Amino acid sequence: MKIDHESLHKIAHLARLEVKPEEEEALLESMENVLTWMEQLNELDTTGVEPLTHVTDEVNNWREDVAQNTLSRAEGLQNAPSHDEQYLKVPKVIE
Amino acid sequence: MISTKLTPTTIPDELLGSYETVIGLEVHCQLLTESKLFASDTNRFGGEPNTHISPLTLALPGTLPKLNKKAVEYAVRMGLACGCTISERTIFDRKNYFYPDLPKGYQISQDKAPICVGGAVTISVKGKDHEVTEKTIRFHHIHLEEDAGKSVHDGNQTETQLDYNRAGTPLIEMVTEPDLRSAEETGAFVTEIRRLARYLDVSDGNMEEGSLRCDVNVSVRLAGASELGTKVEIKNMNSIRNIMRAVEFERRRQVATLENGDSLFQETRMFDAETGETYGMRVKETMNDYRYFPDPDLCPVVLPEATIQEIRSRMPALPRELREKFVSHYGIPAYDAQQLTDTREMAHYFENLCSHTNAYKTASNWLMGPVKSYLNESGTDIADFSLTPQVLAELITLVETEVISHSTATQKAFPALLQAPDRSPRELAETNNWLQNRNTNELETLVDEVLNAMPDKVTAYKKGKKGLMGLFVGEVMKKSKGTADPKLINQLLAEKL
């Protein structure tokens with residue numbers, strides 16, 4: 001399966017990856033390899049087969065509604081690259 | 001040639017009238033659970049920033065979500081109340097996008113197999129001729145999802161501050177079919193959803209705090225056309241009044257645009273409550289590509305019929321069920337029933353009141369009259385009303401048995417009881433000498449005194465000036481210092497004259 005540069009740019013943008021122009025050819029080739037390999041699955045006739053969304057048969061793995069704060073604010077903030085006593089901080093996001 | 005472009009404000013009514021407005025809503029409703037949708041941190045509005053957090057909420061590596069059973073129950077409750085089909089098997093999907101208020105890089109939502117499908121609610125709307133008509137608004141589906149955190153932009157010029165208290169709190173998103181046709185219908189619909197959510201105890205429905213918010217899709221088309229027009233989405237509306245204003249402005253803007261020969265394009269707009277106008281967002285919109293896929297961290301939810309029945313059996317009565325009961329069981333008019341079921345608290349108070357008195361219609365009148373006026377004036381709610389249904393019922397009984405007059409009850413006893421809600425109405429009436437004087441002998445003397453004092457009026461009355469009766473009654477009442485039973489005075493006067 002062929003991928004064009006435009007698709008590559010779109011995928012890179014969705015993943016917020018910066019791709020250098022000199023890397024593009026190698027990336028295209030590797031992605032095409034993956035997709036060609038995956039294309040083999042299309043040979044199977046899946047008519048009438050329910051999509052497999054989960055690999056185990058487990059269902060209803062839920063918990064009771066009990067509130068419990070397990071992480072203090074100081075602990076929660078300590079690994080953030082930028083924070084003050086109250087907030088995590090990121091470069092300005094303008095909507 | 002002078003160009004006379006139409007604007008939303010100058011567009012003539014007859015031109016507007018040749019178009020039909022089509023509205024669909026996405027209502028986000030925050031669920032009243034104790035903990036978050038997939039983690040145990042507290043689900044509560046406000047709080048010091050970043051104090052309701054957990055490793056999962058912060059998306060720390062190695063964490064796994066675990067579904068809150070209560071949130072599932074609440075979504076099913078809302079679904080059942082709206083007549084939806086509850087999915088026997090429902091799964092969660094990842095909706096992928098990057099935004100700092102969503103630390104995982106995806107929102108856990110539902111795409112292919114939402115928990116509730118179909119359903120509808122009925123709204124009442126006043127038409128042009130003030131006639132109230134009922135209309136059914138269908139749902140496409142209702143799904144469960146987690147809310148995002150809050151970005152705080154103000155103050156700092158170079159950084160955005162993030163508060164994750166709200167991140168991961170449970171929401172249901174209720175998506176309607178494009179069945180709404182006007183701002184009034186849209187307002188009535190959101191009001192009904194809020195009422196249902198509050199009755200069912202699934203949400204506090206507080207729009208100011210964002211517990212209930214809407215994305216509103218609006219398009220216009222020539223009346224009679226079958227194709228839908230180009231739709232515009234107005235994001236994040238959080239008051240019913242503003243939703244209605246936004247719909248009204250948007251339909252005018254769209255009709256004006258089309259009538260000017262310009263074309264509309266699909267876009268997201270914001271509503272400015274100051275100007276009452278919608279405006280397009282400046283950023284160029286790139287087509288969203290959320291790449292939904294089933295979240296492998298969460299297993300499917302299977303709800304057998306028995307579970308759904310169990311949830312149904314725990315559901316409180318719905319407003320329309322109570323309305324019907326009030327009419328059929330208590331025999332009050334449909335209008336009263338509608339008013340009394342506006343909030344669950346008022347409906348409960350009425351039912352409670354009716355367990356202490358059989359004068360159902362009088363009880364309804366009391367709630368819709370003096371009690372409602374008092375609540376409005378004091379800006380309080382029936383939930384905080386100081387008089388218990390027992391005390392109010394006792395007061396009603398005093399009037400019903402003619403121990404005190406209706407006017408004494410509403411004008412004197414009721415305000416006095418509000419000041420002293422622990423006192424017994426009868427004891428209060430006795431202490432203050434409010435009991436009606438039903439002593440015929442005493443009253444006869446007073447009637448005679450009054451009639452003897454104004455012989456010319458008596459003659460005039462006898463000659464046909466029947467309007468003087470009111471004067472006689474008033475005079476007797478004055479002499480009795482307001483204690484006489486007006487019915488008895490009337491009866492005695494009629495005998496004497």
# chains A, B, ... in the order shown; residues from 1 in each chain; ligands from 1
call {"tool": "interface_residues", "arguments": {"of": "chain B", "to": "chain A", "cutoff": "9 Å", "atoms": "only C-alpha atoms", "output": "ChimeraX atom specification"}}
result
/B:33-43,48-55,58,66-71,91,96-100,151,153,156-164,281-283,289-290,293-296,298-303
call {"tool": "residues_around", "arguments": {"residues": "Thr36 (chain A)", "least_positions_apart": "5", "cutoff": "10 Å", "atoms": "only C-alpha atoms", "output": "PyMOL selection string"}}
result
chain A and resi 1-2+30-31+41
call {"tool": "write_last_selection", "arguments": {"atoms": "N, CA, C and O atoms", "output": "PDB file, in the first residue's frame"}}
result
ATOM      1  N   MET A   1       0.844  -1.205   0.000  1.00  0.00           N
ATOM      2  CA  MET A   1       0.000   0.000   0.000  1.00  0.00           C
ATOM      3  C   MET A   1       0.874   1.247   0.000  1.00  0.00           C
ATOM      4  O   MET A   1       1.829   1.352   0.759  1.00  0.00           O
ATOM      5  N   LYS A   2       0.504   2.171  -0.875  1.00  0.00           N
ATOM      6  CA  LYS A   2       1.297   3.404  -1.027  1.00  0.00           C
ATOM      7  C   LYS A   2       0.776   4.503  -0.096  1.00  0.00           C
ATOM      8  O   LYS A   2      -0.427   4.655   0.081  1.00  0.00           O
ATOM      9  N   SER A  30       8.936   2.529   5.658  1.00  0.00           N
ATOM     10  CA  SER A  30       8.635   1.653   6.792  1.00  0.00           C
ATOM     11  C   SER A  30       7.127   1.561   7.034  1.00  0.00           C
ATOM     12  O   SER A  30       6.600   0.485   7.333  1.00  0.00           O
ATOM     13  N   MET A  31       6.425   2.654   6.869  1.00  0.00           N
ATOM     14  CA  MET A  31       4.973   2.601   7.049  1.00  0.00           C
ATOM     15  C   MET A  31       4.309   1.761   5.965  1.00  0.00           C
ATOM     16  O   MET A  31       3.370   1.004   6.219  1.00  0.00           O
ATOM     17  N   LEU A  41      -4.431  -9.352   5.949  1.00  0.00           N
ATOM     18  CA  LEU A  41      -5.648  -9.670   6.711  1.00  0.00           C
ATOM     19  C   LEU A  41      -6.903  -9.479   5.863  1.00  0.00           C
ATOM     20  O   LEU A  41      -7.917 -10.129   6.080  1.00  0.00           O
TER      21      LEU A  41
END
call {"tool": "residues_around", "arguments": {"residues": "Leu8 (chain A)", "least_positions_apart": "3", "cutoff": "12 Å", "atoms": "only C-alpha atoms", "output": "list of chain:residue names"}}
result
A:Lys2, A:Ile3, A:Asp4, A:His5, A:Ile11, A:Ala12, A:His13, A:Leu14, A:Ala15, A:Arg16, A:Leu17, A:Glu18, A:Val19, A:Lys20, A:Pro21, A:Glu23, A:Glu24, A:Glu25, A:Ala26, A:Leu27, A:Leu28, A:Glu29, A:Ser30, A:Met31, A:Glu32
call {"tool": "atom_distance", "arguments": {"atom1": "CA of Val247 (chain B)", "atom2": "CA of Arg194 (chain B)"}}
result
18.6 Å
call {"tool": "select_by_dssp", "arguments": {"residues": "chain A", "states": "helix (DSSP H, G or I)", "output": "ChimeraX atom specification"}}
result
/A:5-14,21-43,73-77
